[in-house]
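Working notes for the structure below.
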Amino acid sequence: MQYDFTDLRLFLHVVAEGSITGGAARANLSLPSASARVRALERHAGVELLVRERRGVRTTPAGRALARHARDVLDRAARLDGAIASYSRPASAPLSLLAGSSAMHDLVPRAVTAFLLARPHSDVDVTLRRSVETARTLADGGADLGIVLDQVAAGQGLRAEPLCDDSLVVVGTGRGVLDGRDTIAFAEAAEHPMVGLAASAPLQLSLDAQAAEAGLAPRYRTRAADLGTVVALAEAGAGLAVVPRRAAAVPVRAGRLQVVALDESWARRGLSLCWGAALEPSSPGWPAVQALADHIRSVSVTAEG
């Protein structure tokens with residue numbers, strides 16, 4: 001069987017959104033076109049992939065298998081493209097920086113902004129990725145720089161250097177369950193209404209995996225696209241939230257925000273700056289990559305302080 005990459009991407013969007021309408025919007029396709037592609041994909045597979053319900057769709061066992069393998073296929077294709085392109089890229093081509101949800105809060109925006117202002121002729125493509133995906137892409141030469149969790153960098157044998165602490169905390173409104181606490185277990189926090197990131201966000205995927213492993217089913221009252229909004233919602237009383245301590249370091253309005261350490265070994269973590277395997281001092285973009293790395297280091301010091 002041969003699968004079309006556009007169809008696979010569309011199917012993943014449909015699964016993520018829980019509806020063909022939402023998937024079509026994310027794929028920039030019309031609803032009729034998206035519906036026809038999904039039906040053609042099912043005919044091609046010879047099995048039902050989605051169960052159509054009044055409020056959306058859900059995957060069949062075959063659909064879940066397709067989604068799992070589609071992610072791997074698309075990721076490998078992107079890594080192949082990046083690895084080959086890295087050897088022929090002109091010096092003027094955009095740099096590629098990969099990072100997760102935590103680094104995208106404050107650290108990456110500030111570092112990239114400073115870099116762009118200092119180097120008006122250089123550009124940067126920034127992509128949100130989970131640490132394990134970033135590490136694989138860097139190892140295959142598909143990106144210039146990545147910001148990943150320390151333990152992931154060590155496990156992949158990447159050229160890496162520590163950046164800053166990225167330990168997780170639980171935040172919420174004052175006069176609540178966190179009042180007067182120094183630490184709280186994830187299982188106890190998950191018993192209360194919570195605020196989270198979008199289900200596809202790297203940090204949220206990690207938290208969901210930890211919850212599933214512990215047999216927990218947190219109730220997320222609402223989700224937000226960025227950590228700043230998550231913290232603001234938690235401070236306003238919408239629910240508890242698990243966020244990096246750096247994201248909780250915001251001006252406290254009327255002392256309402258409570259910040260309590262998450263009492264789990266996996267919550268104590270750090271971030272590392274990692275380099276793409278294809279990068280060499282003779283590479284055309286080496287000076288620009290070095291400059292971007294310098295800005296990331298500089299911002300990480302102020303972020304940790």
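A note on labels: chains of the structure tokens are A, B, ... as shown, every chain counts residues from 1, and ligands are counted from 1 in their shown order.
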Item to complete: Write out as a VMD selection string which residues come within 10 Å of A:Thr60 when counting only C-alpha atoms, dropping same-chain ones fewer than 5 positions away.
Response: chain A and resid 47 to 51 65 to 66
Just N, CA, C and O atoms for this one: save the residues we selected as a compact mmCIF listing (two decimals), in the first residue's frame.
```
# COMPACT_ATOMS: atom_id res chain seq x y z
N VAL A 47 -10.46 -0.74 5.80
CA VAL A 47 -11.02 -0.92 7.13
C VAL A 47 -11.50 0.44 7.64
O VAL A 47 -10.99 1.48 7.23
N GLU A 48 -12.50 0.41 8.51
CA GLU A 48 -13.00 1.67 9.08
C GLU A 48 -11.96 2.24 10.05
O GLU A 48 -11.46 1.53 10.93
N LEU A 49 -11.65 3.51 9.87
CA LEU A 49 -10.65 4.17 10.71
C LEU A 49 -11.26 5.08 11.75
O LEU A 49 -10.66 5.33 12.80
N LEU A 50 -12.45 5.60 11.45
CA LEU A 50 -13.12 6.55 12.34
C LEU A 50 -14.55 6.11 12.58
O LEU A 50 -15.21 5.59 11.68
N VAL A 51 -15.02 6.37 13.79
CA VAL A 51 -16.42 6.19 14.11
C VAL A 51 -17.06 7.57 14.12
O VAL A 51 -16.66 8.43 14.91
N ALA A 65 -3.97 2.70 15.30
CA ALA A 65 -2.73 2.14 14.77
C ALA A 65 -2.19 3.00 13.63
O ALA A 65 -0.99 3.27 13.54
N LEU A 66 -3.11 3.44 12.74
CA LEU A 66 -2.68 4.29 11.63
C LEU A 66 -2.10 5.60 12.15
O LEU A 66 -1.06 6.07 11.67
```
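With only C-alpha atoms as the atoms that count, the residue of A:Val177, A:Glu264, A:Gly276, A:Ala248 with the shortest distance to A:Leu95 is A:Gly276.
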Discussion item. So that I can check the secondary structure, give me every residue of stretch 50-269 of chain A assigned strand (DSSP E) by backbone DSSP, as a PyMOL selection string.
Written reply: chain A and resi 50-53+56-59+95-99+124-128+145-149+160-165+168-173+183-184+194-197+220-224+241-244+257-262
Worksheet entry | Straight-line distance linking atom CA of A:Asp179 with atom CA of A:Cys164, stated in Å to one decimal |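 Computing it gives 27.5 Å between the two atoms.
Using only C-alpha atoms, the shortest contact distance between A:Ser19 and any of A:Glu53, A:Asp150, A:Asp7, A:Glu280 is found at A:Glu53.
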Practice prompt. Output as an MDAnalysis selection string all residues of stretch 140-253 of chain A that backbone DSSP marks as helix (DSSP H, G or I).
Written response: chainID A and resid 150:156 186:189 202:213 227:236 245:248
Worksheet entry | Counting only C-alpha atoms, the residue of A:Glu235, A:Glu42, A:Glu17, A:Asp294 that sits nearest A:Gly174 |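 Ranking A:Glu235, A:Glu42, A:Glu17, A:Asp294 by distance to A:Gly174, first place goes to A:Glu235.
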Response to the item:
Min atom-atom distance to A:Arg219 from the set A:Ala277, A:Val124, A:Val108, A:Ala238, counting only C-alpha atoms, belongs to A:Ala238
Worksheet item: In terms of the shortest atom-to-atom distance over only C-alpha atoms, which of A:Ala201, A:Val14, A:Val152, A:Arg175 is closest to A:Ala135?
Response: A:Val152
Worksheet entry | Spatial neighbours of A:Ser35, max dist 9 Å, only C-alpha atoms, sep filter under 4 positions, as a PyMOL selection string | chain A and resi 20-21+24+30-31+39-40
Worksheet entry | Within 9 Å of A:Asp144 using only C-alpha atoms, minus same-chain residues under 3 positions, as a ChimeraX atom specification | /A:86,95-98,138,141,274-279,289
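For the residues A:Ala225, A:Ala291, A:Met194, A:Leu178, ranking by smallest atom-to-atom distance to A:Leu257 using only C-alpha atoms places A:Leu178 first.
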